[in-house]
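Trainee: Input: one structure, supplied below.
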Amino acid sequence: MVFPTHKKFKSLDMFDYDAERLRVLITEVSRLNLSPEAWTWLSENLSSDDTKVINTAFAVMPRKTGKSPVQISPDLISNIDQVKPGFTIENWTVDKLGRLCLLLHLDPSGQDKYFKTIENLFLAAEVSELVALYSFLPVFAFPDLWKLRCAEGIRSNIGPVLEAIMYHNPYPEKYLDEKAWNQLILKAFFTDKDINQISGIDERSNSELALTLKDYAYERWAAKRKINPFLWRFTTKFLDESLVDDLKKVLSEGSLREKQAAALTLAHSGFSSASELMKSYPEFLQAIKSNEINWARLAPDNENFN
Amino acid sequence: MCCSHSFEDRRPQVPSEPMDLSIVKGMKFFDPHVHMSSRTTDDYQAMADAGIVALIEPAFWLGQPRTGIDSFRDYYSSLVGWERFRSSQFGIKHYCTIGLNSREANNEKLAAEVMEILPLFIYKEGVVGIGEIGFDDQTAAEDKYYRLQLELAKEAGLPIQVHTPHRDKKRGTQRSMDIALEHGIDPSMVIIDHNNEETVKEVLDRGFWAAFTIYPFTKMGNERMVEVAKEYGPERIMINSAADWGISDPLAIPKTAALMKLRGISDEAIRLITYSNAITAFAQSGQIDETDFTSPKSIDQSEKFEGNTVLRGGQQPRTDKSSLIIS
């Protein structure tokens, strides 16, 4: 089957990446992953401009495609990453892939209709549909239009929905304003998410966030609760004397994991009294220098933060 | 939908039987009618502890009328969204049926709008039927929207969960069945709910599924249920709690199973009435995979992510209810 290049997808200013290229790649991966019957059904529904057809195809997708894991070659994964850096379909299921394929074929030439069609899918979505839709945010047309939707998603209390926004999703880093970005990070701490999987955390660190997280740390200390050591990472560029004192306390009283986090924060800060303090911990300095310790490789944690 | 509570219906206390579920320990239960949105987390924990592994939450009214289409939309989306997630945190698989309930069919302008958005919801994952629909006052509008939804169910190939009225129950039940057959619906796709001793025979004779709601004061008590089970056997019979915001009991199924066992009903018959029959009936939707709740570690592939979280697949941390200290 040949997929002609549609004129309507040509206009690159609707997208912040080569949408035509991604559409071809995703269509091909979908064809390879769907049964012949499911593929025939899906391809008949692609490029429809009837909202009812789109709504039904989107909702009914798992009944048609099943939910088995997507098979994809490393080459294709890296092709997708080249087209849209940070975006991946690794660990997806075929129903999610089929939904992406369907929505990548929506005609974006009418901005209002395009936006309303997708927004209505959000409004009526169940959990796995929400997960799919939020992880598609980086590849929708008119990226600026989805900022409020993304911020709304961060208010969700449904774990997998939050993870769809936070993990392997290049949209928030690029488009959220500072307030919404900070909410995302705070929410990640409050719901015990894996901070390492959020992209852009160092690039988007800011003093407001550092201050809020510091207050949060004090609140947890006051309640005699543990602090997620990743919290300190967000203070790296904003250390002051009182934070250095706090980290000094962690270095002497914390678990190994906590000590390593404090050491990383102090060592990366470039703040003079932090460098001074680290002189008393040559073994940590050495381990950081040799990359034995980094934020992706802290000592294991055997406790919950509750 | 169970509550037109008139509390005068309450009967005098009968001598109580101490609750002991240990004789049904290890049995699995499926509650095919329970309105979890109006229940607490304590209920979820108690249900999981008592062996309930999966449930169906039918769409019903809120206890007061909705005034706009958006509150229907939000309600339906909470049944497939938040409530489903909440249930999963207690290790209970949550399904639902979607429909316009009979009381609200009487608000015709709104009812017409609801019919327009139903197709957006009925094809979603885990939607195992159209329900609960049927008659309340048995008005012309109720008749109209019952029929329209039967057609919708037929088109979608979904089972139908039929609420039978409190008032004029026997004739309302007959009429519900007559209309379903008139629309060419196979009775094996229809679960007639809230039966009693007066309705069960005809429902079974005509080939429908007969569901019984074990609900204190206003519907079936479970001693009566034991007698029905003895008389009719387990074929095409299922029980549910229909627990909601009224005085109801989300443990109605395990309690009734225990009572059945005490009174000599076989394990196999109990299994059919409290678990398998409901699954067989609603699995005709193609949306129930028993392994989702029989293998304890099974996690929906689509919810699988690297990196563990407290919420994912696991269960809510328990609080120690017997302690004065809350930490």
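Chain labels follow the order of the structure tokens: the first chain is A, the next B, and so on; residue numbering restarts at 1 in every chain, and ligands are counted from 1 in their shown order.
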Env of Trp146 of chain A: 10 Å cut, atoms = only C-alpha atoms, seq-sep filter 2 positions within chain, self excluded. Answer as a PyMOL selection string.

Mentor: chain A and resi 115+119+134+137-138+140-144+148-152+171-172+175-176

Trainee: Please report as a list in words which residues of chain A come no farther than 8 Å from chain B, using only C-alpha atoms.

Mentor: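 Interface list for chain A against chain B: Asn55, Thr56, Ala59, Val60, Pro62, Arg63, Lys67, Ser68, Pro69, Asn91, Trp92, Thr93, Lys96, Leu123, Ala124, Ala125, Glu126, Val127, Ser128, Ile158, Gly159, Pro160, Glu163, Thr191, Asp192, Lys193 and Asp194 of chain A.
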
Trainee: Include N, CA and C atoms and write out the residues we just selected as a compact mmCIF listing (two decimals), in the first residue's frame.

Mentor:
# COMPACT_ATOMS: atom_id res chain seq x y z
N ASN A 55 -14.29 9.37 16.29
CA ASN A 55 -14.66 9.03 17.68
C ASN A 55 -14.81 7.53 17.86
N THR A 56 -15.55 6.92 16.95
CA THR A 56 -15.82 5.49 17.09
C THR A 56 -14.54 4.68 16.90
N ALA A 59 -12.36 4.97 20.00
CA ALA A 59 -12.85 4.23 21.18
C ALA A 59 -12.77 2.72 20.97
N VAL A 60 -13.06 2.27 19.77
CA VAL A 60 -13.20 0.84 19.54
C VAL A 60 -11.84 0.17 19.28
N PRO A 62 -9.02 -0.94 20.78
CA PRO A 62 -8.52 -2.20 21.36
C PRO A 62 -9.36 -3.42 20.99
N ARG A 63 -10.65 -3.20 20.73
CA ARG A 63 -11.49 -4.34 20.32
C ARG A 63 -11.06 -4.84 18.94
N LYS A 67 -4.29 -5.91 22.37
CA LYS A 67 -3.43 -5.04 23.18
C LYS A 67 -2.03 -5.63 23.34
N SER A 68 -1.57 -6.36 22.33
CA SER A 68 -0.25 -6.96 22.50
C SER A 68 0.84 -5.89 22.36
N PRO A 69 2.03 -6.18 22.89
CA PRO A 69 3.11 -5.19 22.82
C PRO A 69 3.55 -4.94 21.37
N ASN A 91 7.76 0.10 24.35
CA ASN A 91 6.88 -0.40 25.42
C ASN A 91 5.41 -0.02 25.22
N TRP A 92 5.05 0.37 24.02
CA TRP A 92 3.63 0.63 23.75
C TRP A 92 2.93 -0.68 23.41
N THR A 93 1.58 -0.59 23.45
CA THR A 93 0.77 -1.70 22.97
C THR A 93 0.15 -1.28 21.64
N LYS A 96 -2.58 1.46 21.34
CA LYS A 96 -2.07 2.82 21.48
C LYS A 96 -1.44 3.28 20.16
N LEU A 123 -12.07 14.72 26.69
CA LEU A 123 -13.19 14.90 27.61
C LEU A 123 -13.94 13.60 27.90
N ALA A 124 -13.95 12.70 26.94
CA ALA A 124 -14.70 11.46 27.14
C ALA A 124 -13.80 10.26 27.39
N ALA A 125 -12.53 10.51 27.68
CA ALA A 125 -11.55 9.41 27.68
C ALA A 125 -11.59 8.55 28.94
N GLU A 126 -11.36 7.25 28.77
CA GLU A 126 -11.10 6.37 29.92
C GLU A 126 -9.58 6.34 30.16
N VAL A 127 -9.16 5.55 31.15
CA VAL A 127 -7.77 5.67 31.59
C VAL A 127 -6.75 5.41 30.47
N SER A 128 -6.92 4.29 29.74
CA SER A 128 -5.87 4.01 28.76
C SER A 128 -5.95 4.98 27.58
N ILE A 158 -4.60 10.08 38.71
CA ILE A 158 -4.47 8.73 38.17
C ILE A 158 -3.01 8.49 37.77
N GLY A 159 -2.37 7.57 38.48
CA GLY A 159 -0.93 7.35 38.31
C GLY A 159 -0.48 7.21 36.86
N PRO A 160 -1.08 6.29 36.10
CA PRO A 160 -0.61 6.10 34.72
C PRO A 160 -0.77 7.35 33.85
N GLU A 163 2.11 9.54 34.63
CA GLU A 163 3.33 8.99 34.04
C GLU A 163 3.39 9.24 32.54
N THR A 191 3.74 12.22 44.34
CA THR A 191 3.20 10.91 43.97
C THR A 191 4.30 9.87 43.77
N ASP A 192 5.50 10.18 44.31
CA ASP A 192 6.60 9.21 44.27
C ASP A 192 6.94 8.71 42.88
N LYS A 193 7.00 9.62 41.93
CA LYS A 193 7.36 9.21 40.58
C LYS A 193 8.89 9.11 40.45
N ASP A 194 9.31 8.41 39.39
CA ASP A 194 10.73 8.25 39.12
C ASP A 194 11.24 9.50 38.42

Trainee: Give me every alpha helix (DSSP H) residue in segment 169-241 of chain A, going by DSSP on the backbone, as a PyMOL selection string.

Mentor: chain A and resi 170-175+178-190+207-222+241

Trainee: Could you turn the residues from that selection into a file that holds C-alpha atoms, as a tab-separated table (two decimals), in the first residue's frame?

Mentor:
chain	number	residue	atom	x	y	z
A	170	PRO	CA	9.26	15.92	25.46
A	171	TYR	CA	6.17	18.17	25.45
A	172	PRO	CA	6.18	19.60	29.01
A	173	GLU	CA	9.83	20.56	28.94
A	174	LYS	CA	9.38	22.50	25.73
A	175	TYR	CA	5.98	24.13	26.14
A	178	GLU	CA	7.26	27.97	34.59
A	179	LYS	CA	4.28	27.66	36.95
A	180	ALA	CA	2.89	24.60	35.19
A	181	TRP	CA	6.34	23.04	34.91
A	182	ASN	CA	6.91	23.50	38.62
A	183	GLN	CA	3.55	21.89	39.35
A	184	LEU	CA	4.62	18.89	37.29
A	185	ILE	CA	7.79	18.47	39.32
A	186	LEU	CA	6.03	18.95	42.66
A	187	LYS	CA	3.34	16.48	41.66
A	188	ALA	CA	6.05	14.00	40.70
A	189	PHE	CA	7.51	14.22	44.22
A	190	PHE	CA	4.12	14.04	45.91
A	207	SER	CA	14.81	29.45	41.75
A	208	GLU	CA	11.08	29.44	42.46
A	209	LEU	CA	10.97	25.65	42.23
A	210	ALA	CA	14.11	25.30	44.35
A	211	LEU	CA	12.50	27.43	47.05
A	212	THR	CA	9.25	25.49	47.04
A	213	LEU	CA	11.08	22.18	47.21
A	214	LYS	CA	13.19	23.42	50.09
A	215	ASP	CA	9.99	24.28	52.01
A	216	TYR	CA	8.65	20.87	51.16
A	217	ALA	CA	11.78	19.25	52.55
A	218	TYR	CA	11.41	21.16	55.83
A	219	GLU	CA	7.77	20.18	56.04
A	220	ARG	CA	8.69	16.52	55.71
A	221	TRP	CA	11.48	16.80	58.24
A	222	ALA	CA	9.05	18.41	60.67
A	241	GLU	CA	24.36	29.03	53.10

Trainee: Which residues are close to segment 192-199 of chain B, i.e. within 8 Å by only C-alpha atoms, leaving aside same-chain residues fewer than 5 positions away? Reply as a list in words.

Mentor: Gln161, Val162, His163, Thr164, Lys170, Thr173, Phe208, Trp209, Ala210, Ala211, Phe212, Thr213, Lys219, Met220 and Val228 of chain B

Trainee: Tell me which protein, DNA and RNA residues are within 10 Å of Glu108 of chain B, counting only C-alpha atoms, leaving out same-chain ones fewer than 6 positions away, and put them as a list in words.

Mentor: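 The residues that qualify are Val114, Ala141, Glu142, Lys144 and Tyr145 of chain B.
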
Trainee: I want to know what sits within 9 Å of Glu37 of chain A, based on only C-alpha atoms, with residues of the same chain fewer than 5 positions away left out; could you give that as an MDAnalysis selection string?

Mentor: chainID A and resid 42 64:65

Trainee: Those residues with C-alpha atoms, as a PDB file, in the first residue's frame please?

Mentor:
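Result written to selection.pdb:
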ATOM      1  CA  LEU A  42      -7.872   0.905  10.363  1.00  0.00           C
ATOM      2  CA  LYS A  64     -10.104  -4.331  16.777  1.00  0.00           C
ATOM      3  CA  THR A  65      -6.357  -4.452  17.385  1.00  0.00           C
TER       4      THR A  65
END

Trainee: Name the residues in contact with Ile118 of chain A at a cut-off of 9 Å, using only C-alpha atoms, excluding same-chain residues fewer than 5 positions from it; report them as a PDB file with N, CA and C atoms, in the first residue's frame.

Mentor:
ATOM      1  N   LEU A 103      -4.812   9.426  14.702  1.00  0.00           N
ATOM      2  CA  LEU A 103      -4.804  10.875  14.950  1.00  0.00           C
ATOM      3  C   LEU A 103      -3.750  11.601  14.105  1.00  0.00           C
ATOM      4  N   LYS A 113     -11.440  22.819  14.079  1.00  0.00           N
ATOM      5  CA  LYS A 113     -12.011  21.478  14.029  1.00  0.00           C
ATOM      6  C   LYS A 113     -10.999  20.450  14.551  1.00  0.00           C
ATOM      7  N   LEU A 123     -12.071  14.718  26.687  1.00  0.00           N
ATOM      8  CA  LEU A 123     -13.195  14.897  27.614  1.00  0.00           C
ATOM      9  C   LEU A 123     -13.938  13.602  27.896  1.00  0.00           C
ATOM     10  N   LEU A 133      -3.564   9.675  24.831  1.00  0.00           N
ATOM     11  CA  LEU A 133      -3.682  11.061  24.362  1.00  0.00           C
ATOM     12  C   LEU A 133      -2.593  11.953  24.950  1.00  0.00           C
TER      13      LEU A 133
END

Trainee: Of the candidates A:Met14, A:Val131, A:Ser73, A:Ala19, which shows the shortest atom-to-atom distance to Gly110 of chain A, using only C-alpha atoms?

Mentor: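 For Gly110 of chain A, the nearest of the given residues is A:Met14.
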
Trainee: Measure the distance from atom CA of Leu285 of chain A to atom CA of Asn206 of chain A in Å and round it to one decimal.

Mentor: 25.1 Å

Trainee: Using only C-alpha atoms, find each residue of segment 11-94 of chain B with at least one atom at most 9 Å away from an atom of segment 242-259 of chain B; report its shortest atom-to-atom pair and that distance in Å (one decimal), sort the rows by chain and rising residue number, and return the result as a Markdown table.

Mentor:
| residue | atom | partner | partner_atom | distance |
| --- | --- | --- | --- | --- |
| B:Met19 | CA | B:Lys255 | CA | 7.6 |
| B:Asp20 | CA | B:Ala258 | CA | 7.6 |
| B:Leu21 | CA | B:Ala258 | CA | 6.0 |
| B:Ser22 | CA | B:Ala258 | CA | 8.2 |
| B:Ile23 | CA | B:Ala258 | CA | 6.3 |
| B:Val24 | CA | B:Ala258 | CA | 5.7 |
| B:Met27 | CA | B:Pro254 | CA | 8.7 |
| B:Lys28 | CA | B:Pro254 | CA | 8.8 |
| B:Phe29 | CA | B:Pro254 | CA | 7.0 |
| B:Phe30 | CA | B:Ile253 | CA | 8.1 |
| B:Asp31 | CA | B:Ile253 | CA | 6.9 |
| B:Pro32 | CA | B:Ala242 | CA | 8.3 |
| B:His33 | CA | B:Ala242 | CA | 4.9 |
| B:Val34 | CA | B:Ala242 | CA | 4.4 |
| B:His35 | CA | B:Asp244 | CA | 4.9 |
| B:Met36 | CA | B:Asp244 | CA | 6.8 |
| B:Ser37 | CA | B:Asp244 | CA | 7.9 |
| B:Ser38 | CA | B:Trp245 | CA | 5.3 |
| B:Arg39 | CA | B:Asp244 | CA | 6.7 |
| B:Asp43 | CA | B:Pro250 | CA | 6.8 |
| B:Tyr44 | CA | B:Pro250 | CA | 8.5 |
| B:Ala46 | CA | B:Leu251 | CA | 7.6 |
| B:Met47 | CA | B:Leu251 | CA | 6.2 |
| B:Ala50 | CA | B:Pro254 | CA | 6.4 |
| B:Gly51 | CA | B:Pro254 | CA | 7.3 |
| B:Ile52 | CA | B:Pro254 | CA | 7.7 |
| B:Glu57 | CA | B:Ala242 | CA | 8.7 |
| B:Leu62 | CA | B:Trp245 | CA | 9.0 |
| B:Gly63 | CA | B:Trp245 | CA | 8.2 |

Trainee: Can you pull out every residue within 12 Å of Phe87 of chain A, counting only C-alpha atoms, but drop anything in the same chain fewer than 3 positions away, and send it as a VMD selection string?

Mentor: chain A and resid 17 22 77 to 84 90 92 135 to 140 164 to 165 167 to 172 199

Trainee: Store the residues picked out above in a file with C-alpha atoms, as a PDB file, in the first residue's frame.

Mentor:
ATOM      1  CA  TYR A  17       8.841  18.674  13.531  1.00  0.00           C
ATOM      2  CA  LEU A  22       6.558  10.632  11.368  1.00  0.00           C
ATOM      3  CA  ILE A  77      13.066   3.555  17.174  1.00  0.00           C
ATOM      4  CA  SER A  78      16.044   5.704  16.370  1.00  0.00           C
ATOM      5  CA  ASN A  79      14.373   6.980  13.180  1.00  0.00           C
ATOM      6  CA  ILE A  80      11.426   8.136  15.262  1.00  0.00           C
ATOM      7  CA  ASP A  81      13.752   9.743  17.758  1.00  0.00           C
ATOM      8  CA  GLN A  82      15.452  11.643  14.953  1.00  0.00           C
ATOM      9  CA  VAL A  83      12.155  12.983  13.675  1.00  0.00           C
ATOM     10  CA  LYS A  84      10.877  13.934  17.127  1.00  0.00           C
ATOM     11  CA  GLU A  90       8.925   1.707  22.993  1.00  0.00           C
ATOM     12  CA  TRP A  92       3.634   0.630  23.747  1.00  0.00           C
ATOM     13  CA  SER A 135       1.663  10.788  25.460  1.00  0.00           C
ATOM     14  CA  PHE A 136       0.707  12.020  21.961  1.00  0.00           C
ATOM     15  CA  LEU A 137       0.952  15.680  23.035  1.00  0.00           C
ATOM     16  CA  PRO A 138       4.425  16.211  21.525  1.00  0.00           C
ATOM     17  CA  VAL A 139       3.291  15.178  18.051  1.00  0.00           C
ATOM     18  CA  PHE A 140      -0.035  16.992  17.729  1.00  0.00           C
ATOM     19  CA  ALA A 164       2.197   9.511  30.451  1.00  0.00           C
ATOM     20  CA  ILE A 165       2.896  13.220  30.851  1.00  0.00           C
ATOM     21  CA  TYR A 167       7.936  10.004  31.468  1.00  0.00           C
ATOM     22  CA  HIS A 168       9.598  10.062  28.047  1.00  0.00           C
ATOM     23  CA  ASN A 169       7.442  12.980  27.032  1.00  0.00           C
ATOM     24  CA  PRO A 170       9.264  15.925  25.457  1.00  0.00           C
ATOM     25  CA  TYR A 171       6.172  18.174  25.455  1.00  0.00           C
ATOM     26  CA  PRO A 172       6.176  19.598  29.015  1.00  0.00           C
ATOM     27  CA  SER A 199      13.105  15.008  30.567  1.00  0.00           C
TER      28      SER A 199
END

Trainee: Between A:Met278, A:Ile54, A:Ala261, A:Leu121, which has the minimum distance to Asn294 of chain A (counting only C-alpha atoms)?

Mentor: A:Ala261

Trainee: Mind listing the strand (DSSP E or B) residues of segment 56-97 of chain B, per DSSP on the backbone, as JSON, numbers by chain?

Mentor: {"B": [56, 57, 58, 93, 94, 95, 96, 97]}
